[in-house]
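Shown below: upload.cif, with mmCIF, N, CA and C atoms.
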```cif
data_start
#
loop_
_atom_site.label_atom_id
_atom_site.label_comp_id
_atom_site.auth_asym_id
_atom_site.auth_seq_id
_atom_site.Cartn_x
_atom_site.Cartn_y
_atom_site.Cartn_z
N MET H 1 19.18 -13.48 15.90
CA MET H 1 18.94 -13.06 14.53
C MET H 1 19.81 -11.84 14.23
N GLY H 2 20.34 -11.82 13.01
CA GLY H 2 21.20 -10.72 12.60
C GLY H 2 20.82 -10.19 11.24
N LEU H 3 21.66 -9.29 10.74
CA LEU H 3 21.40 -8.66 9.45
C LEU H 3 21.43 -9.64 8.29
N ASP H 4 22.13 -10.74 8.45
CA ASP H 4 22.23 -11.71 7.35
C ASP H 4 21.07 -12.70 7.31
N ASP H 5 20.24 -12.70 8.35
CA ASP H 5 19.08 -13.59 8.35
C ASP H 5 18.07 -13.10 7.31
N SER H 6 17.41 -14.03 6.68
CA SER H 6 16.41 -13.62 5.70
C SER H 6 15.21 -14.56 5.78
N PHE H 7 14.12 -14.14 5.19
CA PHE H 7 12.92 -14.95 5.10
C PHE H 7 12.19 -14.51 3.85
N GLU H 8 11.18 -15.24 3.49
CA GLU H 8 10.48 -14.99 2.24
C GLU H 8 9.14 -14.32 2.48
N ILE H 9 8.85 -13.32 1.68
CA ILE H 9 7.53 -12.69 1.65
C ILE H 9 6.98 -12.94 0.26
N ARG H 10 5.80 -13.47 0.19
CA ARG H 10 5.17 -13.73 -1.11
C ARG H 10 4.05 -12.72 -1.35
N PRO H 11 3.95 -12.21 -2.55
CA PRO H 11 2.87 -11.26 -2.83
C PRO H 11 1.50 -11.94 -2.78
N ILE H 12 0.51 -11.16 -2.38
CA ILE H 12 -0.88 -11.65 -2.42
C ILE H 12 -1.59 -11.13 -3.67
N GLY H 13 -0.94 -10.21 -4.35
CA GLY H 13 -1.50 -9.63 -5.57
C GLY H 13 -0.57 -8.56 -6.10
N TYR H 14 -1.08 -7.82 -7.06
CA TYR H 14 -0.28 -6.78 -7.71
C TYR H 14 -1.17 -5.57 -8.02
N VAL H 15 -0.53 -4.41 -8.10
CA VAL H 15 -1.24 -3.23 -8.58
C VAL H 15 -1.33 -3.39 -10.10
N ALA H 16 -2.56 -3.43 -10.60
CA ALA H 16 -2.80 -3.68 -12.02
C ALA H 16 -3.11 -2.39 -12.76
N SER H 17 -3.03 -2.45 -14.05
CA SER H 17 -3.35 -1.29 -14.88
C SER H 17 -4.83 -0.96 -14.76
N PRO H 18 -5.17 0.26 -14.40
CA PRO H 18 -6.59 0.61 -14.26
C PRO H 18 -7.32 0.64 -15.59
N LYS H 19 -6.61 0.75 -16.69
CA LYS H 19 -7.26 0.81 -18.01
C LYS H 19 -8.08 -0.44 -18.29
N ASP H 20 -7.62 -1.57 -17.75
CA ASP H 20 -8.30 -2.84 -18.02
C ASP H 20 -9.56 -3.05 -17.18
N ALA H 21 -9.72 -2.27 -16.10
CA ALA H 21 -10.78 -2.60 -15.15
C ALA H 21 -11.74 -1.47 -14.84
N LEU H 22 -11.43 -0.28 -15.27
CA LEU H 22 -12.20 0.85 -14.77
C LEU H 22 -13.18 1.42 -15.78
N ASP H 23 -14.30 1.89 -15.24
CA ASP H 23 -15.24 2.63 -16.05
C ASP H 23 -15.28 4.07 -15.53
N THR H 24 -14.16 4.52 -15.02
CA THR H 24 -14.06 5.87 -14.47
C THR H 24 -12.85 6.56 -15.06
N GLU H 25 -12.89 7.85 -15.10
CA GLU H 25 -11.76 8.64 -15.60
C GLU H 25 -10.92 9.19 -14.46
N ASN H 26 -11.23 8.84 -13.23
CA ASN H 26 -10.51 9.35 -12.07
C ASN H 26 -9.10 8.74 -12.03
N PRO H 27 -8.05 9.58 -12.22
CA PRO H 27 -6.69 9.05 -12.24
C PRO H 27 -6.19 8.61 -10.87
N ASP H 28 -6.89 8.99 -9.80
CA ASP H 28 -6.46 8.62 -8.45
C ASP H 28 -6.94 7.22 -8.06
N ILE H 29 -7.77 6.60 -8.88
CA ILE H 29 -8.26 5.25 -8.58
C ILE H 29 -7.33 4.23 -9.21
N LYS H 30 -6.91 3.26 -8.40
CA LYS H 30 -6.04 2.19 -8.87
C LYS H 30 -6.70 0.85 -8.58
N VAL H 31 -6.18 -0.17 -9.24
CA VAL H 31 -6.72 -1.52 -9.11
C VAL H 31 -5.70 -2.42 -8.43
N ILE H 32 -6.14 -3.14 -7.42
CA ILE H 32 -5.32 -4.19 -6.81
C ILE H 32 -5.94 -5.51 -7.24
N GLU H 33 -5.14 -6.32 -7.90
CA GLU H 33 -5.61 -7.62 -8.36
C GLU H 33 -5.03 -8.69 -7.44
N ILE H 34 -5.91 -9.35 -6.70
CA ILE H 34 -5.51 -10.39 -5.76
C ILE H 34 -5.34 -11.70 -6.52
N LEU H 35 -4.32 -12.47 -6.17
CA LEU H 35 -4.08 -13.75 -6.83
C LEU H 35 -5.29 -14.65 -6.66
N PRO H 36 -5.66 -15.39 -7.70
CA PRO H 36 -6.89 -16.20 -7.66
C PRO H 36 -7.01 -17.14 -6.47
N GLY H 37 -5.94 -17.76 -6.04
CA GLY H 37 -6.01 -18.68 -4.91
C GLY H 37 -6.24 -18.01 -3.57
N LEU H 38 -6.18 -16.67 -3.55
CA LEU H 38 -6.34 -15.93 -2.29
C LEU H 38 -7.61 -15.09 -2.25
N GLN H 39 -8.45 -15.22 -3.26
CA GLN H 39 -9.65 -14.40 -3.37
C GLN H 39 -10.58 -14.54 -2.15
N ALA H 40 -10.63 -15.71 -1.55
CA ALA H 40 -11.50 -15.91 -0.37
C ALA H 40 -11.11 -14.98 0.78
N GLY H 41 -9.87 -14.55 0.80
CA GLY H 41 -9.42 -13.63 1.85
C GLY H 41 -10.06 -12.25 1.76
N LEU H 42 -10.72 -11.97 0.65
CA LEU H 42 -11.41 -10.68 0.48
C LEU H 42 -12.83 -10.70 1.03
N GLU H 43 -13.30 -11.85 1.45
CA GLU H 43 -14.68 -11.97 1.95
C GLU H 43 -14.94 -10.97 3.07
N GLY H 44 -15.94 -10.14 2.91
CA GLY H 44 -16.33 -9.16 3.93
C GLY H 44 -15.61 -7.83 3.83
N ILE H 45 -14.65 -7.71 2.92
CA ILE H 45 -13.86 -6.48 2.83
C ILE H 45 -14.70 -5.28 2.40
N GLU H 46 -15.82 -5.56 1.72
CA GLU H 46 -16.69 -4.47 1.25
C GLU H 46 -17.35 -3.71 2.40
N HIS H 47 -17.27 -4.23 3.63
CA HIS H 47 -17.84 -3.55 4.80
C HIS H 47 -16.92 -2.46 5.33
N PHE H 48 -15.75 -2.30 4.72
CA PHE H 48 -14.79 -1.31 5.18
C PHE H 48 -14.68 -0.16 4.20
N GLU H 49 -14.63 1.03 4.75
CA GLU H 49 -14.45 2.22 3.91
C GLU H 49 -12.97 2.42 3.60
N THR H 50 -12.11 2.16 4.60
CA THR H 50 -10.69 2.34 4.39
C THR H 50 -9.94 1.03 4.61
N LEU H 51 -8.81 0.92 3.93
CA LEU H 51 -7.93 -0.23 4.05
C LEU H 51 -6.49 0.26 4.13
N TRP H 52 -5.65 -0.53 4.74
CA TRP H 52 -4.20 -0.28 4.73
C TRP H 52 -3.59 -1.28 3.75
N ILE H 53 -2.87 -0.77 2.77
CA ILE H 53 -2.23 -1.61 1.76
C ILE H 53 -0.73 -1.56 1.98
N LEU H 54 -0.12 -2.74 2.14
CA LEU H 54 1.33 -2.85 2.24
C LEU H 54 1.84 -3.42 0.93
N PHE H 55 2.83 -2.76 0.37
CA PHE H 55 3.34 -3.16 -0.95
C PHE H 55 4.86 -3.04 -0.98
N TRP H 56 5.45 -3.75 -1.92
CA TRP H 56 6.90 -3.76 -2.08
C TRP H 56 7.27 -2.68 -3.10
N LEU H 57 8.20 -1.81 -2.72
CA LEU H 57 8.65 -0.74 -3.60
C LEU H 57 9.64 -1.33 -4.62
N HIS H 58 9.11 -2.04 -5.58
CA HIS H 58 9.91 -2.86 -6.49
C HIS H 58 10.77 -2.08 -7.48
N ASN H 59 10.52 -0.80 -7.65
CA ASN H 59 11.31 0.00 -8.59
C ASN H 59 12.56 0.61 -7.96
N LEU H 60 12.74 0.45 -6.66
CA LEU H 60 13.91 1.04 -6.01
C LEU H 60 15.15 0.19 -6.29
N PRO H 61 16.26 0.84 -6.64
CA PRO H 61 17.50 0.09 -6.87
C PRO H 61 17.99 -0.57 -5.58
N GLU H 62 18.61 -1.71 -5.73
CA GLU H 62 19.11 -2.50 -4.59
C GLU H 62 20.03 -1.67 -3.69
N GLU H 63 20.86 -0.81 -4.27
CA GLU H 63 21.83 -0.04 -3.45
C GLU H 63 21.15 0.93 -2.49
N THR H 64 19.90 1.32 -2.75
CA THR H 64 19.21 2.22 -1.83
C THR H 64 18.83 1.52 -0.53
N ARG H 65 18.87 0.21 -0.51
CA ARG H 65 18.51 -0.54 0.70
C ARG H 65 19.58 -0.44 1.78
N HIS H 66 20.75 0.14 1.43
CA HIS H 66 21.83 0.29 2.41
C HIS H 66 21.91 1.71 2.97
N VAL H 67 21.08 2.61 2.44
CA VAL H 67 21.05 3.99 2.91
C VAL H 67 20.28 4.04 4.21
N LEU H 68 20.91 4.56 5.26
CA LEU H 68 20.24 4.63 6.57
C LEU H 68 20.00 6.05 7.05
N LEU H 69 20.67 7.03 6.43
CA LEU H 69 20.49 8.44 6.78
C LEU H 69 20.06 9.21 5.54
N VAL H 70 19.00 10.01 5.68
CA VAL H 70 18.49 10.79 4.55
C VAL H 70 18.11 12.18 5.02
N HIS H 71 18.04 13.10 4.06
CA HIS H 71 17.49 14.43 4.34
C HIS H 71 15.98 14.29 4.18
N PRO H 72 15.18 14.63 5.19
CA PRO H 72 13.73 14.50 5.08
C PRO H 72 13.19 15.16 3.82
N ARG H 73 12.37 14.40 3.09
CA ARG H 73 11.76 14.83 1.83
C ARG H 73 12.79 15.29 0.80
N GLY H 74 14.03 14.82 0.94
CA GLY H 74 15.09 15.16 0.00
C GLY H 74 15.59 16.59 0.12
N ASP H 75 15.16 17.29 1.16
CA ASP H 75 15.52 18.70 1.36
C ASP H 75 16.87 18.77 2.07
N ARG H 76 17.92 19.11 1.33
CA ARG H 76 19.28 19.14 1.89
C ARG H 76 19.49 20.23 2.93
N SER H 77 18.54 21.17 3.05
CA SER H 77 18.66 22.19 4.10
C SER H 77 18.28 21.62 5.46
N LYS H 78 17.63 20.45 5.47
CA LYS H 78 17.25 19.79 6.72
C LYS H 78 18.33 18.80 7.11
N PRO H 79 18.59 18.65 8.41
CA PRO H 79 19.64 17.72 8.83
C PRO H 79 19.29 16.26 8.52
N LEU H 80 20.34 15.46 8.37
CA LEU H 80 20.14 14.04 8.12
C LEU H 80 19.36 13.41 9.26
N ARG H 81 18.54 12.46 8.91
CA ARG H 81 17.73 11.74 9.89
C ARG H 81 17.74 10.26 9.51
N GLY H 82 17.56 9.40 10.48
CA GLY H 82 17.49 7.97 10.21
C GLY H 82 16.26 7.64 9.40
N VAL H 83 16.38 6.67 8.47
CA VAL H 83 15.25 6.34 7.59
C VAL H 83 14.02 5.89 8.37
N PHE H 84 14.21 5.32 9.56
CA PHE H 84 13.05 4.86 10.33
C PHE H 84 12.29 6.02 10.97
N ALA H 85 12.87 7.22 10.90
CA ALA H 85 12.21 8.42 11.42
C ALA H 85 11.69 9.30 10.29
N THR H 86 11.58 8.72 9.10
CA THR H 86 11.11 9.48 7.92
C THR H 86 10.14 8.62 7.11
N HIS H 87 9.63 9.22 6.06
CA HIS H 87 8.79 8.50 5.11
C HIS H 87 9.58 8.10 3.87
N SER H 88 10.90 8.15 3.95
CA SER H 88 11.75 7.84 2.81
C SER H 88 11.50 6.42 2.31
N PRO H 89 11.46 6.25 0.98
CA PRO H 89 11.33 4.89 0.45
C PRO H 89 12.63 4.10 0.57
N MET H 90 13.75 4.80 0.75
CA MET H 90 15.03 4.13 0.89
C MET H 90 15.15 3.56 2.29
N ARG H 91 15.17 2.24 2.38
CA ARG H 91 15.23 1.57 3.67
C ARG H 91 15.64 0.12 3.45
N PRO H 92 16.08 -0.58 4.49
CA PRO H 92 16.53 -1.97 4.31
C PRO H 92 15.48 -2.88 3.69
N ASN H 93 14.23 -2.72 4.06
CA ASN H 93 13.12 -3.47 3.46
C ASN H 93 12.18 -2.44 2.84
N PRO H 94 12.22 -2.26 1.53
CA PRO H 94 11.42 -1.20 0.91
C PRO H 94 9.93 -1.53 0.83
N ILE H 95 9.30 -1.43 1.99
CA ILE H 95 7.86 -1.70 2.10
C ILE H 95 7.13 -0.37 2.14
N GLY H 96 6.18 -0.21 1.23
CA GLY H 96 5.35 0.98 1.23
C GLY H 96 4.02 0.67 1.92
N MET H 97 3.38 1.73 2.41
CA MET H 97 2.10 1.55 3.10
C MET H 97 1.22 2.75 2.76
N SER H 98 0.01 2.48 2.35
CA SER H 98 -0.96 3.54 2.05
C SER H 98 -2.29 3.21 2.70
N GLN H 99 -2.90 4.24 3.29
CA GLN H 99 -4.29 4.08 3.70
C GLN H 99 -5.11 4.52 2.50
N VAL H 100 -6.01 3.65 2.05
CA VAL H 100 -6.80 3.92 0.86
C VAL H 100 -8.28 3.89 1.18
N THR H 101 -9.06 4.46 0.29
CA THR H 101 -10.51 4.36 0.35
C THR H 101 -10.92 3.26 -0.61
N LEU H 102 -11.71 2.32 -0.12
CA LEU H 102 -12.21 1.25 -0.98
C LEU H 102 -13.38 1.79 -1.79
N VAL H 103 -13.23 1.81 -3.10
CA VAL H 103 -14.29 2.27 -3.99
C VAL H 103 -15.28 1.13 -4.21
N ARG H 104 -14.73 -0.05 -4.58
CA ARG H 104 -15.58 -1.23 -4.71
C ARG H 104 -14.71 -2.47 -4.90
N LYS H 105 -15.36 -3.62 -4.70
CA LYS H 105 -14.73 -4.92 -4.92
C LYS H 105 -15.41 -5.56 -6.11
N GLU H 106 -14.61 -6.11 -7.02
CA GLU H 106 -15.12 -6.84 -8.18
C GLU H 106 -14.37 -8.16 -8.25
N ALA H 107 -14.97 -9.21 -7.76
CA ALA H 107 -14.35 -10.55 -7.74
C ALA H 107 -13.00 -10.47 -7.02
N ASN H 108 -11.90 -10.67 -7.73
CA ASN H 108 -10.58 -10.63 -7.07
C ASN H 108 -9.89 -9.28 -7.24
N ARG H 109 -10.64 -8.26 -7.62
CA ARG H 109 -10.08 -6.92 -7.80
C ARG H 109 -10.67 -5.94 -6.79
N LEU H 110 -9.78 -5.09 -6.28
CA LEU H 110 -10.20 -4.00 -5.42
C LEU H 110 -9.91 -2.70 -6.15
N LEU H 111 -10.90 -1.84 -6.27
CA LEU H 111 -10.70 -0.52 -6.82
C LEU H 111 -10.56 0.41 -5.62
N VAL H 112 -9.43 1.10 -5.56
CA VAL H 112 -9.12 1.91 -4.39
C VAL H 112 -8.69 3.30 -4.81
N GLN H 113 -8.86 4.24 -3.90
CA GLN H 113 -8.43 5.61 -4.13
C GLN H 113 -7.39 5.96 -3.09
N GLY H 114 -6.28 6.58 -3.55
CA GLY H 114 -5.25 7.03 -2.63
C GLY H 114 -4.06 6.11 -2.49
N LEU H 115 -3.92 5.13 -3.38
CA LEU H 115 -2.81 4.19 -3.31
C LEU H 115 -1.56 4.81 -3.91
N ASP H 116 -0.51 4.88 -3.11
CA ASP H 116 0.76 5.47 -3.53
C ASP H 116 1.72 4.37 -3.98
N ALA H 117 1.31 3.60 -4.99
CA ALA H 117 2.12 2.50 -5.51
C ALA H 117 2.06 2.53 -7.02
N HIS H 118 3.08 2.01 -7.66
CA HIS H 118 3.15 1.99 -9.11
C HIS H 118 2.49 0.74 -9.67
N ILE H 119 2.09 0.80 -10.93
CA ILE H 119 1.56 -0.37 -11.62
C ILE H 119 2.64 -1.46 -11.57
N GLY H 120 2.23 -2.66 -11.22
CA GLY H 120 3.17 -3.78 -11.12
C GLY H 120 3.73 -4.00 -9.73
N SER H 121 3.49 -3.07 -8.81
CA SER H 121 4.00 -3.25 -7.43
C SER H 121 3.37 -4.47 -6.80
N PRO H 122 4.19 -5.35 -6.20
CA PRO H 122 3.63 -6.48 -5.48
C PRO H 122 2.94 -6.01 -4.20
N VAL H 123 1.72 -6.46 -3.99
CA VAL H 123 0.98 -6.17 -2.75
C VAL H 123 1.29 -7.31 -1.80
N ILE H 124 1.78 -6.97 -0.59
CA ILE H 124 2.19 -8.02 0.34
C ILE H 124 1.20 -8.25 1.47
N ASP H 125 0.30 -7.29 1.70
CA ASP H 125 -0.74 -7.52 2.71
C ASP H 125 -1.79 -6.42 2.62
N ILE H 126 -2.96 -6.71 3.14
CA ILE H 126 -4.05 -5.75 3.26
C ILE H 126 -4.57 -5.86 4.68
N LYS H 127 -4.71 -4.74 5.35
CA LYS H 127 -5.27 -4.69 6.70
C LYS H 127 -6.55 -3.87 6.64
N SER H 128 -7.56 -4.31 7.35
CA SER H 128 -8.81 -3.56 7.38
C SER H 128 -8.61 -2.25 8.13
N GLY H 129 -9.36 -1.26 7.71
CA GLY H 129 -9.30 0.06 8.33
C GLY H 129 -10.61 0.37 9.02
N GLN H 130 -11.20 1.49 8.64
CA GLN H 130 -12.44 1.93 9.27
C GLN H 130 -13.65 1.30 8.57
N ARG H 131 -14.54 0.78 9.40
CA ARG H 131 -15.77 0.18 8.87
C ARG H 131 -16.70 1.28 8.37
N LYS H 132 -17.53 0.98 7.41
CA LYS H 132 -18.46 1.97 6.85
C LYS H 132 -19.42 2.51 7.91
N GLU H 133 -19.88 1.65 8.81
CA GLU H 133 -20.80 2.11 9.86
C GLU H 133 -20.13 3.12 10.78
N GLU H 134 -18.83 2.93 11.06
CA GLU H 134 -18.11 3.86 11.94
C GLU H 134 -18.04 5.24 11.31
N THR H 135 -17.83 5.30 10.00
CA THR H 135 -17.78 6.58 9.31
C THR H 135 -19.12 7.27 9.35
N ALA H 136 -20.18 6.53 9.08
CA ALA H 136 -21.53 7.10 9.11
C ALA H 136 -21.88 7.58 10.51
N ARG H 137 -21.55 6.78 11.53
CA ARG H 137 -21.85 7.14 12.91
C ARG H 137 -21.10 8.39 13.34
N SER H 138 -19.82 8.51 12.99
CA SER H 138 -19.04 9.67 13.42
C SER H 138 -19.51 10.93 12.70
N SER H 139 -19.99 10.84 11.46
CA SER H 139 -20.48 12.03 10.77
C SER H 139 -21.82 12.49 11.37
N LEU H 140 -22.62 11.55 11.90
CA LEU H 140 -23.87 11.92 12.54
C LEU H 140 -23.64 12.61 13.87
N GLN H 141 -22.54 12.26 14.54
CA GLN H 141 -22.26 12.83 15.85
C GLN H 141 -21.69 14.23 15.76
N ASN H 142 -21.17 14.60 14.61
CA ASN H 142 -20.55 15.93 14.45
C ASN H 142 -21.53 16.98 14.06
#
```
What is this file in structure tokens?
Amino acid sequence: MGLDDSFEIRPIGYVASPKDALDTENPDIKVIEILPGLQAGLEGIEHFETLWILFWLHNLPEETRHVLLVHPRGDRSKPLRGVFATHSPMRPNPIGMSQVTLVRKEANRLLVQGLDAHIGSPVIDIKSGQRKEETARSSLQN
């Protein structure tokens, strides 16, 4: 396999406008709308306090995908570093990842807090994080 090999990633949903779904004024809460044919994949997700959301950084220009060296956090006083050693969005595959807090599930929508993605961003995967019982148990032990 080489640099010219490619494959297809299909979105499982999109970051939707919170205005259509929220009864809260919290600007940090965002909505992930899962495609209707994939809603069954959300079964049991409400048992998790945190989730990992993988999304496509769709607003990045194509030419940024060829940048391999960046100044960390855009700070030119810091030496150049490889994109794989930074949190830079500029990378060959512009995949973003956020650990979020699940606020609630409503049918095919997830209301989450802490998602670092723009409205319209394609969501490419969701991974379960910490279960609610684990959070409660660890707070009791402290």
### Query
Do you know which residues are at most 7 Å from segment 82-92 of chain H counting only N, CA and C atoms, after dropping those on the same chain fewer than 5 positions away, and could you put them as a ChimeraX atom specification?
/H:64-70,72-73
Find the spatial neighbours of Gly13 of chain H, counting all atoms listed in the file, within a cut-off of 5 Å - ignore same-chain residues fewer than 6 positions away - and output them as a short mmCIF file (atom, residue, chain, number, x, y, z; two decimals) with N, CA and C atoms, in the coordinates of the input.
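Written output follows (result.cif):
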```cif
data_model
loop_
_atom_site.label_atom_id
_atom_site.label_comp_id
_atom_site.auth_asym_id
_atom_site.auth_seq_id
_atom_site.Cartn_x
_atom_site.Cartn_y
_atom_site.Cartn_z
N GLU H 33 -5.14 -6.32 -7.90
CA GLU H 33 -5.61 -7.62 -8.36
C GLU H 33 -5.03 -8.69 -7.44
N ILE H 34 -5.91 -9.35 -6.70
CA ILE H 34 -5.51 -10.39 -5.76
C ILE H 34 -5.34 -11.70 -6.52
N LEU H 35 -4.32 -12.47 -6.17
CA LEU H 35 -4.08 -13.75 -6.83
C LEU H 35 -5.29 -14.65 -6.66
N PRO H 122 4.19 -5.35 -6.20
CA PRO H 122 3.63 -6.48 -5.48
C PRO H 122 2.94 -6.01 -4.20
N VAL H 123 1.72 -6.46 -3.99
CA VAL H 123 0.98 -6.17 -2.75
C VAL H 123 1.29 -7.31 -1.80
#
```
### Task
Counting only N, CA and C atoms, figure out which residue out of H:Glu63, H:Glu133, H:Lys127, H:Trp52 gets nearest to Val100 of chain H.
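Smallest distance to Val100 of chain H is found for H:Trp52.
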### Message
When the PyMOL selection byres ((chain H and resi 32) around 6.5) is applied to the structure above, which residues does it catch, written out as a list in words?
### Response
Gly13, Tyr14, Val15, Ala16, Lys30, Val31, Glu33, Ile34, Asn108, Arg109, Leu110, Leu111 and Val112 of chain H
### Straight-line distance linking atom CA of Asn93 of chain H with atom CA of Gly120 of chain H, stated in Å to one decimal
17.7 Å
### Task
DSSP on the backbone, then: every residue of segment 13-142 of chain H marked strand (DSSP E or B), written as a VMD selection string.
chain H and resid 13 to 16 29 to 34 48 50 to 56 69 to 70 81 to 82 95 to 106 109 to 113 122 to 128 131
### Task
Considering all atoms listed in the file, state which residue in the set H:Ala40, H:Ile45, H:Leu57, H:Ile126 is at the smallest distance from Arg104 of chain H.
H:Ile45
#### Entry: Distance of atom C of Gln99 of chain H from atom N of Arg131 of chain H, expressed in Å to one decimal place
12.3 Å
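Residues in contact range of Phe55 of chain H, defined as at most 6.5 Å between only N, CA and C atoms, with sequence neighbours fewer than 5 positions away removed, read H:Pro94, H:Ile95, H:Gly96, H:Met97, H:Ser98, H:Ser121, H:Pro122, H:Val123, H:Ile124, H:Asp125.
From atom CA of Ser6 of chain H back to atom CA of Gly129 of chain H, the distance works out to 29.2 Å.
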### Query
Which protein, DNA or RNA residues are at most 6 Å from (-14.1, 0.7, 1.1) in the file's coordinates when you count only C-alpha atoms, listed as JSON, numbers by chain?
{"H": [46, 48, 49, 50, 101, 102, 103]}
#### Entry: alpha helix (DSSP H) residues, from DSSP on the backbone, in chain H, as a PyMOL selection string
chain H and resi 132-141
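Residue nearest Trp56 of chain H, chosen from H:Gly2, H:Pro79, H:Gly44, H:Pro11 and counting all atoms listed in the file: H:Pro11.
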